[in-house]
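Trainee: Handing over work_2.txt, compact mmCIF, C-alpha atoms and all ligand atoms.
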```txt
# COMPACT_ATOMS: atom_id res chain seq x y z
CA MET B 61 124.73 120.12 44.03
CA ALA B 62 121.18 119.90 42.83
CA VAL B 63 118.28 119.41 45.21
CA ILE B 64 115.53 117.22 43.79
CA VAL B 65 112.30 116.90 45.75
CA ILE B 66 109.85 114.09 45.07
CA ALA B 67 106.40 115.12 46.19
CA GLY B 68 102.67 114.52 45.89
CA ARG B 69 99.60 114.50 48.10
CA LYS B 70 98.47 111.07 46.93
CA GLY B 71 99.77 108.12 48.96
CA GLY B 72 101.39 105.06 47.43
CA ILE B 73 101.99 106.59 44.04
CA GLY B 74 105.69 105.69 43.90
CA LYS B 75 107.45 108.72 45.41
CA SER B 76 109.84 106.73 47.61
CA THR B 77 110.39 104.13 44.89
CA ILE B 78 111.40 106.84 42.43
CA ALA B 79 113.59 108.59 45.03
CA GLY B 80 115.48 105.39 45.89
CA ASN B 81 115.97 104.24 42.33
CA LEU B 82 117.08 107.67 41.14
CA ALA B 83 119.66 107.61 43.95
CA ALA B 84 121.09 104.41 42.48
CA GLU B 85 121.09 105.72 38.93
CA PHE B 86 122.86 108.96 39.86
CA ALA B 87 125.44 107.04 41.89
CA ALA B 88 126.06 104.85 38.84
CA MET B 89 126.69 108.03 36.82
CA GLY B 90 129.53 108.76 39.23
CA GLN B 91 127.68 111.36 41.30
CA THR B 92 127.75 111.53 45.07
CA VAL B 93 124.20 111.12 46.32
CA ALA B 94 122.38 111.95 49.54
CA ALA B 95 118.81 110.66 49.85
CA LEU B 96 116.96 112.45 52.64
CA ASP B 97 113.92 110.67 53.99
CA ALA B 98 111.68 113.51 55.17
CA ASP B 99 108.56 111.32 55.46
CA PRO B 100 107.65 110.46 59.09
CA GLN B 101 106.65 106.98 57.80
CA HIS B 102 110.33 106.58 56.85
CA SER B 103 109.68 104.09 54.05
CA LEU B 104 112.88 104.99 52.24
CA ALA B 105 114.93 104.35 55.39
CA ALA B 106 113.06 101.08 56.00
CA TRP B 107 113.80 100.00 52.42
CA ALA B 108 117.47 100.85 52.87
CA LYS B 109 117.58 98.85 56.11
CA GLN B 110 116.20 95.73 54.41
CA GLY B 111 119.54 95.08 52.75
CA ASP B 112 123.10 96.25 52.40
CA GLY B 113 122.79 97.77 48.96
CA MET B 114 123.65 101.29 47.87
CA LEU B 115 120.68 102.81 49.70
CA SER B 116 122.15 101.72 53.02
CA GLN B 117 125.07 104.05 52.20
CA CYS B 118 123.16 107.16 51.21
CA VAL B 119 119.78 107.36 52.95
CA GLU B 120 119.49 109.72 55.88
CA LYS B 121 116.39 109.71 58.05
CA LEU B 122 115.16 113.20 58.92
CA ASP B 123 113.18 113.63 62.12
CA ARG B 124 110.17 115.85 62.10
CA GLY B 125 111.49 119.32 62.78
CA SER B 126 111.00 122.97 62.03
CA PRO B 127 111.23 124.32 58.46
CA SER B 128 114.60 125.87 59.26
CA GLU B 129 115.89 122.50 60.48
CA LEU B 130 114.80 120.86 57.22
CA HIS B 131 116.46 123.61 55.20
CA ALA B 132 119.64 123.24 57.26
CA LYS B 133 119.72 119.47 56.64
CA VAL B 134 119.35 119.99 52.90
CA ARG B 135 122.06 122.65 52.87
CA ALA B 136 124.37 120.37 54.87
CA ALA B 137 123.78 117.50 52.44
CA GLN B 138 124.53 119.81 49.51
CA LYS B 139 128.00 120.41 50.93
CA THR B 140 128.99 116.79 50.40
CA ALA B 141 126.69 115.48 47.68
CA ASP B 142 126.31 116.30 44.00
CA ILE B 143 122.69 115.22 44.09
CA VAL B 144 120.39 115.62 47.09
CA LEU B 145 117.11 113.74 46.75
CA VAL B 146 114.35 114.55 49.24
CA ASP B 147 111.49 112.08 49.67
CA THR B 148 108.41 113.73 51.16
CA PRO B 149 105.21 112.46 52.77
CA PRO B 150 101.73 112.21 51.27
CA GLY B 151 98.73 113.93 52.83
CA ILE B 152 99.36 117.27 54.49
CA GLN B 153 101.98 118.93 52.35
CA GLU B 154 103.81 121.20 54.79
CA VAL B 155 107.05 119.19 54.67
CA ALA B 156 106.84 118.97 50.89
CA TYR B 157 106.28 122.71 50.65
CA GLN B 158 109.27 123.47 52.86
CA ALA B 159 111.43 121.16 50.74
CA MET B 160 110.15 122.86 47.56
CA LEU B 161 111.42 126.18 48.92
CA VAL B 162 115.01 124.88 48.64
CA ALA B 163 114.57 122.62 45.61
CA ASP B 164 116.07 123.02 42.15
CA LEU B 165 113.64 120.51 40.72
CA VAL B 166 110.34 119.07 41.95
CA LEU B 167 109.24 115.72 40.56
CA LEU B 168 105.55 114.98 40.83
CA PRO B 169 104.80 111.30 40.20
CA CYS B 170 101.32 110.54 38.95
CA GLY B 171 99.42 107.30 38.39
CA PRO B 172 97.16 106.53 35.45
CA SER B 173 93.77 106.89 37.15
CA PRO B 174 91.77 110.08 36.63
CA LEU B 175 91.49 110.08 40.43
CA ASP B 176 95.26 110.56 40.62
CA LEU B 177 95.00 113.85 38.75
CA PHE B 178 93.12 115.75 41.48
CA PRO B 179 95.81 115.42 44.16
CA LEU B 180 98.41 116.03 41.46
CA LYS B 181 96.88 119.40 40.63
CA GLU B 182 97.14 120.35 44.30
CA ALA B 183 100.79 119.34 44.39
CA LEU B 184 101.42 121.36 41.25
CA GLY B 185 99.72 124.35 42.86
CA LEU B 186 102.00 124.00 45.87
CA ALA B 187 105.14 123.88 43.74
CA LEU B 188 104.01 126.98 41.85
CA LYS B 189 103.35 128.70 45.18
CA ALA B 190 106.91 127.87 46.30
CA ARG B 191 108.23 129.35 43.08
CA ALA B 192 106.17 132.51 43.58
CA GLU B 193 107.40 132.83 47.16
CA ARG B 194 110.99 132.55 45.96
CA ARG B 195 110.37 134.96 43.06
CA SER B 196 112.41 132.55 41.01
CA LYS B 197 112.22 130.12 38.10
CA LYS B 198 113.06 127.51 40.70
CA PRO B 199 111.97 124.96 41.49
CA ARG B 200 111.57 123.59 38.02
CA ILE B 201 108.59 121.23 37.96
CA ARG B 202 108.18 117.98 36.05
CA PHE B 203 105.60 115.18 36.05
CA VAL B 204 106.63 111.53 36.20
CA PRO B 205 104.10 108.91 35.09
CA SER B 206 104.32 106.22 37.76
CA LYS B 207 103.00 102.66 38.15
CA VAL B 208 101.70 102.88 34.63
CA LEU B 209 100.28 99.72 33.12
CA LYS B 210 101.71 99.71 29.63
CA ASN B 211 99.44 98.85 26.72
CA THR B 212 96.29 99.97 28.48
CA ASN B 213 94.09 102.88 27.48
CA LEU B 214 94.62 104.50 30.88
CA GLY B 215 98.40 104.23 30.52
CA ARG B 216 98.37 105.62 27.00
CA GLY B 217 96.16 108.55 28.01
CA LEU B 218 98.23 109.60 31.01
CA SER B 219 100.97 111.55 29.26
CA SER B 220 98.52 113.65 27.28
CA SER B 221 96.41 114.33 30.42
CA LEU B 222 99.58 115.46 32.18
CA GLU B 223 100.73 117.65 29.32
CA GLN B 224 97.43 119.49 29.47
CA LEU B 225 98.41 120.65 32.96
CA GLY B 226 101.17 122.71 31.39
CA LYS B 227 104.34 121.07 32.70
CA LYS B 228 106.72 118.76 30.88
CA VAL B 229 106.36 115.02 31.35
CA LEU B 230 109.46 112.90 31.98
CA PRO B 231 109.91 109.27 30.88
CA GLY B 232 107.53 107.18 32.97
CA ILE B 233 107.94 104.12 35.18
CA GLY B 234 105.76 101.10 34.47
CA GLN B 235 104.03 98.96 37.04
CA ARG B 236 106.53 96.12 37.18
CA ILE B 237 107.07 93.27 39.57
CA ALA B 238 110.86 93.76 39.66
CA VAL B 239 110.32 97.22 41.15
CA ALA B 240 108.36 95.84 44.09
CA GLU B 241 110.63 92.81 44.51
CA ALA B 242 113.74 94.96 44.70
CA VAL B 243 112.28 96.72 47.77
CA VAL B 244 111.76 93.39 49.54
CA SER B 245 115.46 92.66 49.06
CA GLY B 246 116.49 96.10 50.28
CA LEU B 247 117.92 96.80 46.85
CA THR B 248 117.32 99.24 44.04
CA VAL B 249 116.19 97.94 40.66
CA ARG B 250 119.65 98.61 39.28
CA GLU B 251 121.09 96.19 41.85
CA TYR B 252 118.24 93.66 41.87
CA ALA B 253 117.44 93.40 38.17
CA PRO B 254 120.20 95.02 36.13
CA GLY B 255 119.41 95.15 32.45
CA SER B 256 115.68 94.57 33.02
CA ALA B 257 112.94 96.66 31.43
CA ALA B 258 112.29 98.22 34.84
CA HIS B 259 115.94 99.18 35.17
CA ALA B 260 115.95 100.69 31.68
CA GLU B 261 113.05 102.93 32.67
CA PHE B 262 114.80 104.27 35.75
CA GLU B 263 117.95 104.80 33.72
CA GLN B 264 116.02 106.82 31.16
CA LEU B 265 114.30 108.85 33.85
CA ALA B 266 117.62 109.60 35.57
CA LYS B 267 119.19 110.73 32.30
CA ALA B 268 116.30 113.12 31.70
CA VAL B 269 116.54 114.47 35.26
CA ASP B 270 120.31 114.83 34.95
CA LYS B 271 119.87 116.96 31.82
CA ILE B 272 117.51 119.29 33.64
CA VAL B 273 119.64 119.81 36.73
CA ARG B 274 122.79 120.42 34.68
CA ARG B 275 121.19 123.33 32.86
N1 LIG D 1 106.66 101.00 39.29
C1 LIG D 1 106.22 100.19 40.23
N2 LIG D 1 105.91 98.91 39.95
C2 LIG D 1 105.47 98.08 40.91
N3 LIG D 1 105.28 98.42 42.20
C3 LIG D 1 105.56 99.69 42.54
C4 LIG D 1 106.05 100.65 41.59
N4 LIG D 1 106.24 101.83 42.23
C5 LIG D 1 105.90 101.63 43.51
N5 LIG D 1 105.48 100.34 43.71
C6 LIG D 1 105.01 99.75 44.96
O1 LIG D 1 103.89 100.52 45.40
C7 LIG D 1 103.94 100.72 46.79
C8 LIG D 1 103.97 102.22 47.10
O2 LIG D 1 105.16 102.75 46.56
P1 LIG D 1 105.94 103.93 47.30
O3 LIG D 1 106.11 103.61 48.74
O4 LIG D 1 107.13 104.24 46.51
O5 LIG D 1 104.86 105.09 47.14
P2 LIG D 1 104.86 106.48 47.91
O6 LIG D 1 104.20 107.45 47.00
O7 LIG D 1 106.20 106.81 48.40
O8 LIG D 1 103.91 106.13 49.14
P3 LIG D 1 103.63 107.08 50.41
O9 LIG D 1 102.71 108.13 49.89
O10 LIG D 1 102.99 106.18 51.40
O11 LIG D 1 104.94 107.65 50.85
C9 LIG D 1 105.16 99.98 47.29
O12 LIG D 1 104.76 98.70 47.71
C10 LIG D 1 106.05 99.87 46.06
O13 LIG D 1 106.89 98.73 46.09
MG MG D 2 106.83 107.32 50.31
```
Rewrite the structure of this file - the entire thing - as structure tokens.
Ligand SMILES: Nc1ncnc2c1ncn2[C@@H]1O[C@H](COP(=O)(O)OP(=O)(O)OP(=O)(O)O)[C@@H](O)[C@H]1O
Ligand SMILES: [Mg+2]

Mentor:
Amino acid sequence: MAVIVIAGRKGGIGKSTIAGNLAAEFAAMGQTVAALDADPQHSLAAWAKQGDGMLSQCVEKLDRGSPSELHAKVRAAQKTADIVLVDTPPGIQEVAYQAMLVADLVLLPCGPSPLDLFPLKEALGLALKARAERRSKKPRIRFVPSKVLKNTNLGRGLSSSLEQLGKKVLPGIGQRIAVAEAVVSGLTVREYAPGSAAHAEFEQLAKAVDKIVRR
């Protein structure tokens, strides 16, 4: 019954993509999954609606509401799901902060550009603030390299730049066409391109996340 929040101030960095594909990987591990779309843009819900894949079974659209309504939705999802993923909006981070207050783990995706690191530091600050407010070790916080172009200097440098921020870095997700194509079909990468390099990356990421939330 772990709550995993995917957050970040930067738009388009792969938050929803990671949320949706982790949902598929956890389901494949035999876990019951709820994927809550707390972004008013509702990209995760739109992706799910594109097809009749696994996301159409597990994505729930959350309307903009008060913090207590968001917390109640997460708690309700926890009653029926082993894994609750919460996708949050970019920009103003109030929704993300509220979700962090009930999260076990916060995933902060980050792209390879130095410009991606500034908003990431803000998101990290917010997650640390949530932890301080809770007077707890939770949420745990991890970085996820996202949309990384492999075999480029920027890609290679990202993990070490992230490590310098003091939080562990999980296996990253490359910039891959199958990831974008899967969305067009309303499918996750696991469904669209099983056995592909893109799928292997999401599988590896999910295994690492699973280890953390089982602790
Ligand atoms: N690893 C990847 N490889 C290729 N394309 C990707 C990858 N990750 C995300 N994309 C594409 O990048 C775009 C933005 O991704 P996504 O919507 O997941 O980002 P986001 O951080 O949730 O955006 P927002 O901040 O607007 O919510 C989408 O078109 C998506 O298909
Ligand atoms: Mg999104």

Trainee: For atom P1 of ligand LIG 1 (chain D) and atom CA of B:Gly72, quote the distance in Å rounded to one decimal.

Mentor: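 Straight-line distance from atom P1 of ligand LIG 1 (chain D) to atom CA of B:Gly72 works out to 4.7 Å.
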
Trainee: At a cut-off of 9 Å and counting only C-alpha atoms and all ligand atoms, what residues surround ligand LIG 1 (chain D)? Please answer as a PyMOL selection string.

Mentor: chain B and resi 66-80+99+101-104+147-151+169+206-209+232-244+258

Trainee: Let me make sure I understand: among B:Phe86, B:Leu165, B:Gly226, B:Ala156, which one has the smallest atom-to-atom distance to B:Phe262 if we use all atoms listed in the file?

Mentor: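 Closest residue, counting all atoms listed in the file: B:Phe86.
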
Trainee: Between B:Pro100, B:Gly90, B:Gly217, B:Pro174, which is the closest to ligand MG 2 (chain D) once you count all atoms listed in the file?

Mentor: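 Closest to ligand MG 2 (chain D), using all atoms listed in the file: B:Pro100.
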
Trainee: Select, from B:Asn81, B:Ala253, B:Gln91, B:Val204, the residue with the minimum atom-to-atom distance to B:Trp107, counting all atoms listed in the file.

Mentor: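 The shortest atom-to-atom distance to B:Trp107 comes from B:Asn81.
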
Trainee: Figure out the distance between atom CA of B:Lys198 and atom CA of B:Leu177, please, to one decimal in Å.

Mentor: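 Separating atom CA of B:Leu177 from atom CA of B:Lys198 is a distance of 22.7 Å.
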
Trainee: Determine the nearest neighbour of ligand MG 2 (chain D) from the options B:Leu130, B:Ala98, B:Met61, B:Leu145, counting only C-alpha atoms and all ligand atoms.

Mentor: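 Using only C-alpha atoms and all ligand atoms, ligand MG 2 (chain D) sits closest to B:Ala98.
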
Trainee: Calculate how many Å separate atom CA of B:Lys181 from atom CA of B:Ile272, rounding to one decimal.

Mentor: 21.8 Å

Trainee: When you count all atoms listed in the file, which of these residues is closest to ligand MG 2 (chain D): B:Asp112, B:Asp97, B:Asp123, B:Glu129?

Mentor: B:Asp97

Trainee: Which one of B:Leu96, B:Ala187, B:Ile64, B:Ala260 sits closest to ligand MG 2 (chain D) if you count only C-alpha atoms and all ligand atoms?

Mentor: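 Of B:Leu96, B:Ala187, B:Ile64, B:Ala260, the one nearest ligand MG 2 (chain D) is B:Leu96, counting only C-alpha atoms and all ligand atoms.
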